[in-house]
Each structure stands twice: as C-alpha cells, then as structure tokens.
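Trainee: Below is the file structure_12.tsv, which contains TSV, C-alpha atoms and all ligand atoms.
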chain	number	residue	atom	x	y	z
W	1	MET	CA	70.79	19.12	9.74
W	2	SER	CA	67.79	16.89	10.34
W	3	LEU	CA	66.63	16.06	13.83
W	4	LYS	CA	67.55	12.62	15.11
W	5	LEU	CA	65.82	10.42	17.65
W	6	GLY	CA	66.86	11.53	21.12
W	7	ASP	CA	67.61	15.12	20.06
W	8	LEU	CA	66.03	17.94	22.03
W	9	ALA	CA	62.96	19.20	20.14
W	10	PRO	CA	64.02	22.77	19.31
W	11	PRO	CA	62.03	25.29	21.34
W	12	PHE	CA	60.10	28.03	19.51
W	13	THR	CA	57.35	30.56	19.94
W	14	ALA	CA	54.77	30.77	17.17
W	15	GLU	CA	51.50	32.37	16.16
W	16	THR	CA	48.78	29.74	15.99
W	17	THR	CA	45.03	29.54	15.56
W	18	HIS	CA	44.90	29.22	19.39
W	19	GLY	CA	47.05	32.31	20.02
W	20	THR	CA	50.78	32.61	20.66
W	21	VAL	CA	52.31	29.31	21.70
W	22	ASP	CA	55.63	28.83	23.49
W	23	PHE	CA	56.14	25.23	22.39
W	24	HIS	CA	57.96	23.81	25.42
W	25	GLN	CA	55.74	25.67	27.87
W	26	TRP	CA	52.63	24.57	26.01
W	27	LEU	CA	53.77	20.94	26.15
W	28	GLY	CA	54.45	21.13	29.88
W	29	ASP	CA	55.22	17.59	31.04
W	30	ARG	CA	53.01	15.97	28.42
W	31	TRP	CA	53.80	14.08	25.26
W	32	GLY	CA	53.44	16.02	22.04
W	33	VAL	CA	52.87	15.55	18.33
W	34	LEU	CA	54.10	18.26	15.99
W	35	PHE	CA	53.09	17.63	12.40
W	36	SER	CA	53.30	19.56	9.16
W	37	HIS	CA	51.19	19.46	6.04
W	38	PRO	CA	52.16	20.92	2.67
W	39	LYS	CA	49.48	23.53	2.10
W	40	ASP	CA	46.05	24.77	3.12
W	41	PHE	CA	43.11	24.16	0.75
W	42	THR	CA	44.59	20.94	-0.63
W	43	PRO	CA	42.72	17.64	-0.85
W	44	VAL	CA	44.87	15.13	1.07
W	45	CYS	CA	45.53	17.64	3.86
W	46	THR	CA	41.80	18.27	4.21
W	47	THR	CA	41.16	14.56	4.86
W	48	GLU	CA	44.09	14.36	7.28
W	49	LEU	CA	43.11	17.32	9.42
W	50	GLY	CA	39.49	16.20	9.70
W	51	ALA	CA	40.63	12.72	10.74
W	52	LEU	CA	43.01	14.13	13.34
W	53	ALA	CA	40.26	16.33	14.79
W	54	MET	CA	38.05	13.26	15.19
W	55	LEU	CA	40.86	11.43	16.97
W	56	ALA	CA	41.25	14.20	19.57
W	57	PRO	CA	39.82	12.05	22.42
W	58	GLU	CA	42.38	9.34	21.63
W	59	PHE	CA	45.29	11.76	21.90
W	60	GLU	CA	43.75	13.26	25.04
W	61	ARG	CA	43.44	9.82	26.63
W	62	ARG	CA	47.15	9.26	26.10
W	63	GLY	CA	48.08	12.69	27.48
W	64	VAL	CA	49.36	13.85	24.08
W	65	ARG	CA	49.05	17.43	22.83
W	66	VAL	CA	48.79	17.87	19.08
W	67	ILE	CA	49.91	20.90	17.08
W	68	GLY	CA	49.95	21.34	13.30
W	69	LEU	CA	52.00	23.54	11.00
W	70	SER	CA	51.95	24.83	7.48
W	71	VAL	CA	53.51	27.81	5.79
W	72	ASP	CA	50.11	29.46	5.24
W	73	SER	CA	48.62	32.38	7.16
W	74	LEU	CA	46.34	32.32	10.19
W	75	ASP	CA	43.52	33.72	8.05
W	76	ALA	CA	43.97	30.87	5.56
W	77	HIS	CA	43.98	28.30	8.39
W	78	ARG	CA	40.71	29.73	9.76
W	79	GLU	CA	39.02	29.90	6.39
W	80	TRP	CA	40.12	26.37	5.47
W	81	SER	CA	38.84	25.02	8.81
W	82	LYS	CA	35.30	25.73	7.59
W	83	ASP	CA	35.90	23.53	4.54
W	84	ILE	CA	37.40	20.77	6.68
W	85	LEU	CA	34.32	20.80	8.90
W	86	ALA	CA	31.99	20.73	5.91
W	87	VAL	CA	33.87	17.91	4.17
W	88	THR	CA	34.85	15.65	7.08
W	89	GLY	CA	32.42	16.59	9.84
W	90	ALA	CA	35.18	17.83	12.16
W	91	ALA	CA	37.12	21.09	12.24
W	92	PRO	CA	40.70	21.19	13.58
W	93	ASN	CA	40.49	21.43	17.38
W	94	PHE	CA	44.25	21.69	17.87
W	95	PRO	CA	46.44	24.76	17.26
W	96	MET	CA	47.67	25.29	13.72
W	97	ILE	CA	50.94	27.21	13.40
W	98	ALA	CA	51.10	29.90	10.71
W	99	ASP	CA	54.73	29.48	9.69
W	100	HIS	CA	54.71	32.01	6.87
W	101	ASP	CA	58.43	32.77	7.19
W	102	ARG	CA	59.24	29.00	7.30
W	103	ARG	CA	61.20	29.55	10.49
W	104	ILE	CA	59.94	26.50	12.32
W	105	ALA	CA	59.77	24.36	9.19
W	106	THR	CA	63.48	25.10	8.66
W	107	LEU	CA	64.31	24.46	12.34
W	108	TYR	CA	62.66	21.03	12.17
W	109	GLY	CA	63.82	20.12	8.64
W	110	MET	CA	60.27	19.95	7.29
W	111	LEU	CA	60.89	21.64	3.95
W	112	ASP	CA	60.83	19.53	0.81
W	113	PRO	CA	64.18	20.04	-0.94
W	114	GLN	CA	62.59	18.88	-4.22
W	115	ALA	CA	59.63	21.28	-4.09
W	116	ALA	CA	59.88	24.50	-6.04
W	117	ASP	CA	57.46	26.36	-3.78
W	118	THR	CA	59.23	25.26	-0.54
W	119	ALA	CA	56.12	23.69	0.90
W	120	THR	CA	56.54	21.44	3.92
W	121	VAL	CA	56.45	17.67	3.56
W	122	ARG	CA	54.21	15.54	5.79
W	123	SER	CA	56.44	15.38	8.85
W	124	VAL	CA	55.49	14.01	12.26
W	125	PHE	CA	57.56	14.45	15.41
W	126	VAL	CA	56.51	12.63	18.57
W	127	ILE	CA	58.08	14.37	21.54
W	128	GLY	CA	58.38	12.88	25.01
W	129	PRO	CA	57.79	14.62	28.35
W	130	ASP	CA	61.59	15.20	28.45
W	131	LYS	CA	61.19	17.26	25.22
W	132	ARG	CA	63.28	14.77	23.28
W	133	VAL	CA	62.31	13.46	19.85
W	134	LYS	CA	60.99	9.90	20.24
W	135	LEU	CA	59.75	9.18	16.72
W	136	THR	CA	59.79	10.85	13.34
W	137	LEU	CA	57.82	10.15	10.18
W	138	THR	CA	58.28	11.78	6.79
W	139	TYR	CA	55.71	11.21	4.07
W	140	PRO	CA	55.62	12.86	0.67
W	141	ALA	CA	52.83	15.33	-0.10
W	142	SER	CA	50.99	12.79	-2.23
W	143	THR	CA	50.64	10.16	0.55
W	144	GLY	CA	48.23	10.79	3.41
W	145	ARG	CA	49.39	9.54	6.80
W	146	ASN	CA	47.82	6.75	8.86
W	147	PHE	CA	46.95	8.30	12.23
W	148	ASP	CA	45.81	4.96	13.65
W	149	GLU	CA	49.41	3.84	13.19
W	150	LEU	CA	50.59	7.01	14.91
W	151	LEU	CA	48.41	6.19	17.94
W	152	ARG	CA	49.65	2.61	17.91
W	153	ALA	CA	53.26	3.81	17.87
W	154	ILE	CA	52.54	6.24	20.72
W	155	ASP	CA	51.09	3.35	22.74
W	156	SER	CA	54.33	1.47	22.19
W	157	LEU	CA	56.49	4.49	23.01
W	158	GLN	CA	54.61	5.20	26.22
W	159	LEU	CA	54.76	1.55	27.26
W	160	THR	CA	58.46	1.08	26.51
W	161	ALA	CA	59.25	4.35	28.32
W	162	ARG	CA	57.79	2.83	31.51
W	163	HIS	CA	58.77	-0.82	31.30
W	164	GLN	CA	61.83	-2.68	30.04
W	165	VAL	CA	59.89	-4.16	27.16
W	166	ALA	CA	59.69	-3.79	23.41
W	167	THR	CA	56.72	-4.39	21.12
W	168	PRO	CA	56.76	-6.87	18.24
W	169	VAL	CA	55.61	-6.47	14.67
W	170	ASN	CA	52.06	-5.12	14.28
W	171	TRP	CA	51.65	-5.09	18.07
W	172	ARG	CA	48.38	-3.74	19.44
W	173	PRO	CA	47.68	-2.74	23.04
W	174	GLY	CA	46.82	-5.80	25.12
W	175	GLU	CA	48.99	-8.19	23.09
W	176	ASP	CA	52.14	-9.88	24.38
W	177	VAL	CA	55.29	-7.76	24.61
W	178	ILE	CA	58.99	-8.64	24.45
W	179	ILE	CA	61.53	-8.46	27.27
W	180	VAL	CA	64.35	-6.24	25.96
W	181	PRO	CA	67.69	-7.98	25.27
W	182	GLY	CA	69.46	-5.85	27.92
W	183	VAL	CA	67.51	-7.60	30.71
W	184	SER	CA	69.23	-10.84	31.78
W	185	ASP	CA	67.21	-14.01	32.35
W	186	ALA	CA	67.97	-13.71	36.07
W	187	ALA	CA	66.62	-10.16	36.19
W	188	ALA	CA	63.64	-11.14	34.05
W	189	ARG	CA	62.78	-14.00	36.45
W	190	GLU	CA	62.43	-11.49	39.28
W	191	ARG	CA	60.17	-9.29	37.22
W	192	TYR	CA	58.20	-12.13	35.63
W	193	PRO	CA	58.07	-15.00	38.18
W	194	ASP	CA	55.55	-16.86	35.98
W	195	GLY	CA	58.20	-17.02	33.26
W	196	TRP	CA	57.97	-16.25	29.57
W	197	ARG	CA	57.51	-17.87	26.21
W	198	ALA	CA	60.77	-18.02	24.26
W	199	PRO	CA	60.70	-19.37	20.68
W	200	THR	CA	64.42	-18.54	20.71
W	201	PRO	CA	66.49	-17.61	23.80
W	202	TYR	CA	66.60	-13.97	22.69
W	203	LEU	CA	62.88	-13.61	21.87
W	204	ARG	CA	61.11	-13.67	25.23
W	205	TYR	CA	57.38	-12.89	25.19
W	206	VAL	CA	55.46	-11.92	28.31
W	207	PRO	CA	51.80	-11.01	28.62
W	208	ALA	CA	50.74	-7.42	28.70
W	209	GLU	CA	50.64	-6.11	32.24
W	210	PRO	CA	47.23	-5.44	33.79
W	211	GLY	CA	46.70	-1.75	34.32
W	212	SER	CA	49.42	-0.76	31.86
W	213	ALA	CA	49.03	0.89	28.48
W	214	THR	CA	49.30	-2.60	27.00
W	215	HIS	CA	45.70	-3.14	28.05
W	216	ARG	CA	44.35	-0.09	26.33
W	217	ARG	CA	42.41	-0.76	23.20
W	218	HIS	CA	41.21	1.71	20.62
C	301	LIG	C1	47.24	17.49	-0.78
C	301	LIG	O1	47.15	17.75	0.40
C	301	LIG	O2	46.32	16.98	-1.40
C	301	LIG	C2	48.51	17.77	-1.53
C	301	LIG	C3	49.29	18.84	-1.21
C	301	LIG	C4	50.43	19.10	-1.93
C	301	LIG	C5	50.77	18.27	-2.98
C	301	LIG	C6	49.99	17.17	-3.29
C	301	LIG	C7	48.85	16.92	-2.56
How does this structure look as structure tokens?
Mentor:
Amino acid sequence: MSLKLGDLAPPFTAETTHGTVDFHQWLGDRWGVLFSHPKDFTPVCTTELGALAMLAPEFERRGVRVIGLSVDSLDAHREWSKDILAVTGAAPNFPMIADHDRRIATLYGMLDPQAADTATVRSVFVIGPDKRVKLTLTYPASTGRNFDELLRAIDSLQLTARHQVATPVNWRPGEDVIIVPGVSDAAARERYPDGWRAPTPYLRYVPAEPGSATHRRH
C-alpha cells in the first residue's frame, strides 16, 4: 500500500554513504526529505544529485535534512559521486542509502511496477518534525525533478504548519497568503486587525508576516 499524506513515515535503519542511519533518530525534530532515484551512473540522476548538492545551504536554512536512496551498492554510490562532482561541480553531501535488497524502496512504495529491473522511480517524501508524511512527489525515470519547486513547497509547508494560512498558486515567499476557510471572519479580524483583501468572501488575502518564512526569498 502506498503512503498517504499524514501517515507516519516508516522507520528504518540503513547503510548509507555517511554510515549506518536510524532514520527517525537521524531526523531528530527536523524536517526531512527522503528521495529515490532509479539508478547510479545514469544521466538524469547525475544532474539531479549535483543540483541537490548545490542546494544544500537552502535545505540547511530551512532546517531540512536530505537523504537519497537507490538500489545500488555503497561502492557504486561512492564511485559515481566522483562523476557527479566532475560533471556538475558538486558531489553529493547528503547520505545516500544503499538499498540493494529493496527493503526501504518496498516500504515506501518507490518501486516502479512497470520496470523490469525493479528500479525505483523518482519519489520524494517530505517529512515533518512529527515524522508524518507532508508531501509526496512521484516522477517517472525519464523526467528530472525541479528542486526549486521542492524548496518552494517546503516554504509553504513550514509556513502553513505555523500559521492558519494557505498559499495560492505559484506563491513565493514574501507574497500574500490566504486565510484558511476554517477561520471565521470574526477570528480573522482578531488576528489581522488591518483587515484583508477579499475578491470573493472565501478568498481572503493577507500580507506575508514580517519575520515569518513568508519573508524568506531564495
Ligand atoms: C536517468 O537518470 O537518466 C535515467 C534512469 C533510468 C531511466 C531513464 C533515465
């Protein structure tokens, strides 16, 4: 069965390029991104892992730990890292799980049912500090992911976890946010004494709050 939003991210212990990792312990009270890629020494994956390594300060700034997975061996991960560095200018600086028995890939539903060689698809799980799944993405092997979009979604997740707001289409940090429908106008007036902009009664925009994640730009 596939994992649904709100499910507990299944705990596991795994061998990684950074040693043995107990996933929940390693996350601590931070946010996490667990992602899979189909195979080492493949072109799209090479571009993805270099890009992720370069974005490390952005994940760090948001208090997010990143961990990758493929069904290849630790030796293959280490050897491939040299290529990634040579090609993209950055080597993976996050742990890469060697899931050679596909244990974790099976646990998280990352295996491609259409693939003959049971490679993983391009899965992403964003996990909150409560260890619950907050967002999932599944891309086919042939489509590289957009990690800027992942960061944007994490900004929204972290903001909406703290405030009773939602973020509109294509929202970027610093832009207006939406008061969630569950908050009555009376309650909203207490929280936003300066009022809001409402093109319809149920679409209530308020400015991003100073000091909140809504003011972060990247
Ligand atoms: C790639 O990373 O380039 C890739 C991997 C598996 C299938 C297709 C592309």
Trainee: Write out as an MDAnalysis selection string each polymer residue whose atoms come within 9 Å of stretch 135-144 of chain W, counting all atoms listed in the file; drop sequence neighbours fewer than 3 positions from it.
Mentor: chainID W and resid 3:6 37:38 44:45 47:48 110 112 120:127 153:154 157
Trainee: Any idea what the distance is between atom CA of W:Ala98 and atom CA of W:Leu74?
Mentor: 5.4 Å
Trainee: Name the closest residue to W:Pro173 among the candidates W:Pro201, W:Pro207, W:Pro129, W:Gly195; distances are taken between atoms, counting only C-alpha atoms.
Mentor: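 Result for the nearest residue to W:Pro173: W:Pro207.
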Trainee: Would you list the contacts of stretch 14-21 of chain W as a CSV table (one decimal) with C-alpha atoms, in the coordinates of the input, taking every protein, DNA or RNA residue within 9 Å and counting all atoms listed in the file, but skipping same-chain residues closer than 5 positions in sequence?
Mentor:
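To be explicit, this is the file written out as selection_23.csv:
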chain,number,residue,atom,x,y,z
W,26,TRP,CA,52.6,24.6,26.0
W,67,ILE,CA,49.9,20.9,17.1
W,68,GLY,CA,50.0,21.3,13.3
W,69,LEU,CA,52.0,23.5,11.0
W,74,LEU,CA,46.3,32.3,10.2
W,75,ASP,CA,43.5,33.7,8.0
W,77,HIS,CA,44.0,28.3,8.4
W,78,ARG,CA,40.7,29.7,9.8
W,94,PHE,CA,44.2,21.7,17.9
W,95,PRO,CA,46.4,24.8,17.3
W,96,MET,CA,47.7,25.3,13.7
W,97,ILE,CA,50.9,27.2,13.4
W,98,ALA,CA,51.1,29.9,10.7
W,99,ASP,CA,54.7,29.5,9.7
W,104,ILE,CA,59.9,26.5,12.3
Trainee: Using all atoms listed in the file, pick whichever of W:Phe59, W:Tyr202, W:Phe147, W:Tyr108 has the shortest atom-to-atom distance to W:Ala9.
Mentor: W:Tyr108
Trainee: Do you know which residues are at most 10 Å from W:Leu27 counting all atoms listed in the file, after dropping those on the same chain fewer than 3 positions away, and could you put them as a list of chain:residue names?
Mentor: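 So the residues in contact are W:Val21, W:Asp22, W:Phe23, W:His24, W:Arg30, W:Trp31, W:Gly32, W:Val33, W:Val64, W:Arg65, W:Val66, W:Ile67, W:Ile127, W:Gly128, W:Pro129, W:Asp130, W:Lys131.
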Trainee: Could you check which of W:Ala90, W:Ala198, W:Ile84, W:Leu159 is closest to ligand LIG 301 (chain C), using all atoms listed in the file?
Mentor: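 Closest candidate: W:Ile84.
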Trainee: Hey, can you check how far atom CA of W:Trp196 sits from atom CA of W:Arg172?
Mentor: 18.7 Å
Trainee: Just to confirm, what's the straight-line distance from atom CA of W:Pro10 to atom CA of W:Ser70 in Å (one decimal)?
Mentor: 17.0 Å
Trainee: Go through W:Tyr192, W:Trp171, W:Tyr205, W:Phe41 one by one, measure the shortest atom-to-atom distance of each to ligand LIG 301 (chain C) using only C-alpha atoms and all ligand atoms, and give the residue with the smallest value.
Mentor: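 Selected residue with least distance to ligand LIG 301 (chain C): W:Phe41.
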Trainee: Starting from 3 Å padding per side, set up an axis-aligned box that covers all listed atoms of stretch 50-54 of chain W and hand over centre and edge lengths in Å, one decimal, as JSON.
Mentor:
{"center_x": 40.5, "center_y": 14.5, "center_z": 12.4, "size_x": 11.0, "size_y": 9.6, "size_z": 11.5}
Trainee: For W:Gln25, find every residue with an atom within 10 Å (counting all atoms listed in the file), except residues of its own chain fewer than 4 positions away, and show them as number ranges by chain.
Mentor: W: 11-13, 21, 29
Trainee: Find the residues near W:Arg204: any atom within 9 Å, counting only C-alpha atoms, skip ones fewer than 3 places away on the same chain, and give them as a ChimeraX atom specification.
Mentor: /W:177-181,196-201
Trainee: Taking into account only C-alpha atoms, which residue in the set W:Gly63, W:Pro43, W:Gly50, W:Pro113 is nearest to W:Asn93?
Mentor: W:Gly50
Trainee: Measuring between only C-alpha atoms and all ligand atoms, which one of W:His100, W:Asp185, W:Ala161, W:Thr46 shows the shortest distance to ligand LIG 301 (chain C)?
Mentor: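 Using only C-alpha atoms and all ligand atoms, ligand LIG 301 (chain C) sits closest to W:Thr46.
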Trainee: Extract stretch 101-114 of chain W from the structure I just pasted (atoms: all heavy atoms) and return it as a JSON list (two decimals), in the first residue's frame.
Mentor:
[["chain", "number", "residue", "atom", "x", "y", "z"],
["W", 101, "ASP", "N", 18.74, -4.59, -1.21],
["W", 101, "ASP", "CA", 17.68, -5.61, -1.10],
["W", 101, "ASP", "C", 16.28, -5.01, -1.30],
["W", 101, "ASP", "O", 15.28, -5.68, -1.10],
["W", 101, "ASP", "CB", 17.77, -6.35, 0.24],
["W", 101, "ASP", "CG", 17.66, -5.40, 1.44],
["W", 101, "ASP", "OD1", 17.46, -4.18, 1.22],
["W", 101, "ASP", "OD2", 17.79, -5.88, 2.57],
["W", 102, "ARG", "N", 16.23, -3.72, -1.66],
["W", 102, "ARG", "CA", 14.97, -3.01, -1.96],
["W", 102, "ARG", "C", 14.00, -2.99, -0.78],
["W", 102, "ARG", "O", 12.81, -2.80, -0.92],
["W", 102, "ARG", "CB", 14.26, -3.64, -3.18],
["W", 102, "ARG", "CG", 15.07, -3.51, -4.46],
["W", 102, "ARG", "CD", 14.60, -4.46, -5.54],
["W", 102, "ARG", "NE", 15.26, -4.20, -6.82],
["W", 102, "ARG", "CZ", 16.50, -4.54, -7.13],
["W", 102, "ARG", "NH1", 17.26, -5.16, -6.23],
["W", 102, "ARG", "NH2", 17.01, -4.26, -8.31],
["W", 103, "ARG", "N", 14.56, -3.11, 0.40],
["W", 103, "ARG", "CA", 13.74, -3.17, 1.61],
["W", 103, "ARG", "C", 13.03, -1.84, 1.84],
["W", 103, "ARG", "O", 11.82, -1.79, 2.08],
["W", 103, "ARG", "CB", 14.67, -3.50, 2.80],
["W", 103, "ARG", "CG", 14.01, -3.70, 4.13],
["W", 103, "ARG", "CD", 15.02, -4.23, 5.14],
["W", 103, "ARG", "NE", 16.28, -3.47, 5.15],
["W", 103, "ARG", "CZ", 16.53, -2.42, 5.93],
["W", 103, "ARG", "NH1", 15.62, -2.00, 6.79],
["W", 103, "ARG", "NH2", 17.69, -1.79, 5.89],
["W", 104, "ILE", "N", 13.79, -0.77, 1.77],
["W", 104, "ILE", "CA", 13.20, 0.55, 2.06],
["W", 104, "ILE", "C", 12.36, 1.03, 0.87],
["W", 104, "ILE", "O", 11.30, 1.62, 1.04],
["W", 104, "ILE", "CB", 14.31, 1.55, 2.43],
["W", 104, "ILE", "CG1", 15.03, 1.02, 3.66],
["W", 104, "ILE", "CG2", 13.76, 2.93, 2.68],
["W", 104, "ILE", "CD1", 16.44, 1.50, 3.81],
["W", 105, "ALA", "N", 12.84, 0.72, -0.33],
["W", 105, "ALA", "CA", 12.07, 1.09, -1.52],
["W", 105, "ALA", "C", 10.69, 0.43, -1.48],
["W", 105, "ALA", "O", 9.67, 1.04, -1.84],
["W", 105, "ALA", "CB", 12.82, 0.67, -2.78],
["W", 106, "THR", "N", 10.63, -0.81, -1.00],
["W", 106, "THR", "CA", 9.34, -1.51, -0.89],
["W", 106, "THR", "C", 8.49, -0.88, 0.21],
["W", 106, "THR", "O", 7.29, -0.62, 0.04],
["W", 106, "THR", "CB", 9.59, -3.01, -0.59],
["W", 106, "THR", "OG1", 10.44, -3.54, -1.60],
["W", 106, "THR", "CG2", 8.28, -3.79, -0.55],
["W", 107, "LEU", "N", 9.13, -0.60, 1.34],
["W", 107, "LEU", "CA", 8.43, 0.00, 2.49],
["W", 107, "LEU", "C", 7.77, 1.32, 2.11],
["W", 107, "LEU", "O", 6.67, 1.64, 2.56],
["W", 107, "LEU", "CB", 9.49, 0.25, 3.59],
["W", 107, "LEU", "CG", 9.09, 0.54, 5.02],
["W", 107, "LEU", "CD1", 8.26, -0.60, 5.59],
["W", 107, "LEU", "CD2", 10.34, 0.75, 5.88],
["W", 108, "TYR", "N", 8.45, 2.11, 1.26],
["W", 108, "TYR", "CA", 7.94, 3.43, 0.88],
["W", 108, "TYR", "C", 7.22, 3.43, -0.47],
["W", 108, "TYR", "O", 6.82, 4.49, -0.95],
["W", 108, "TYR", "CB", 9.10, 4.45, 0.86],
["W", 108, "TYR", "CG", 9.39, 5.02, 2.24],
["W", 108, "TYR", "CD1", 10.07, 4.27, 3.19],
["W", 108, "TYR", "CD2", 8.93, 6.28, 2.60],
["W", 108, "TYR", "CE1", 10.29, 4.77, 4.46],
["W", 108, "TYR", "CE2", 9.15, 6.79, 3.86],
["W", 108, "TYR", "CZ", 9.84, 6.04, 4.79],
["W", 108, "TYR", "OH", 10.06, 6.54, 6.04],
["W", 109, "GLY", "N", 7.06, 2.26, -1.09],
["W", 109, "GLY", "CA", 6.35, 2.20, -2.37],
["W", 109, "GLY", "C", 7.06, 2.95, -3.48],
["W", 109, "GLY", "O", 6.44, 3.62, -4.29],
["W", 110, "MET", "N", 8.39, 2.80, -3.52],
["W", 110, "MET", "CA", 9.19, 3.55, -4.51],
["W", 110, "MET", "C", 9.48, 2.73, -5.76],
["W", 110, "MET", "O", 10.13, 3.24, -6.68],
["W", 110, "MET", "CB", 10.54, 3.94, -3.90],
["W", 110, "MET", "CG", 10.48, 4.94, -2.78],
["W", 110, "MET", "SD", 12.09, 4.99, -1.98],
["W", 110, "MET", "CE", 11.97, 6.53, -1.07],
["W", 111, "LEU", "N", 9.08, 1.46, -5.78],
["W", 111, "LEU", "CA", 9.46, 0.63, -6.92],
["W", 111, "LEU", "C", 8.50, 0.86, -8.08],
["W", 111, "LEU", "O", 7.30, 1.06, -7.88],
["W", 111, "LEU", "CB", 9.47, -0.85, -6.52],
["W", 111, "LEU", "CG", 10.59, -1.19, -5.53],
["W", 111, "LEU", "CD1", 10.42, -2.60, -5.01],
["W", 111, "LEU", "CD2", 11.97, -1.02, -6.16],
["W", 112, "ASP", "N", 9.06, 0.85, -9.27],
["W", 112, "ASP", "CA", 8.26, 1.08, -10.47],
["W", 112, "ASP", "C", 7.63, -0.24, -10.90],
["W", 112, "ASP", "O", 8.33, -1.14, -11.33],
["W", 112, "ASP", "CB", 9.17, 1.64, -11.58],
["W", 112, "ASP", "CG", 8.39, 1.95, -12.84],
["W", 112, "ASP", "OD1", 7.20, 1.57, -12.92],
["W", 112, "ASP", "OD2", 8.98, 2.58, -13.74],
["W", 113, "PRO", "N", 6.30, -0.35, -10.78],
["W", 113, "PRO", "CA", 5.66, -1.63, -11.13],
["W", 113, "PRO", "C", 5.81, -1.98, -12.61],
["W", 113, "PRO", "O", 5.70, -3.14, -12.99],
["W", 113, "PRO", "CB", 4.19, -1.41, -10.75],
["W", 113, "PRO", "CG", 4.01, 0.06, -10.64],
["W", 113, "PRO", "CD", 5.35, 0.67, -10.36],
["W", 114, "GLN", "N", 6.10, -0.96, -13.44],
["W", 114, "GLN", "CA", 6.25, -1.22, -14.88],
["W", 114, "GLN", "C", 7.67, -1.62, -15.25],
["W", 114, "GLN", "O", 7.91, -2.10, -16.36],
["W", 114, "GLN", "CB", 5.91, 0.05, -15.70],
["W", 114, "GLN", "CG", 4.62, 0.75, -15.31],
["W", 114, "GLN", "CD", 3.40, -0.12, -15.58],
["W", 114, "GLN", "OE1", 3.41, -0.94, -16.48],
["W", 114, "GLN", "NE2", 2.37, 0.04, -14.77]]
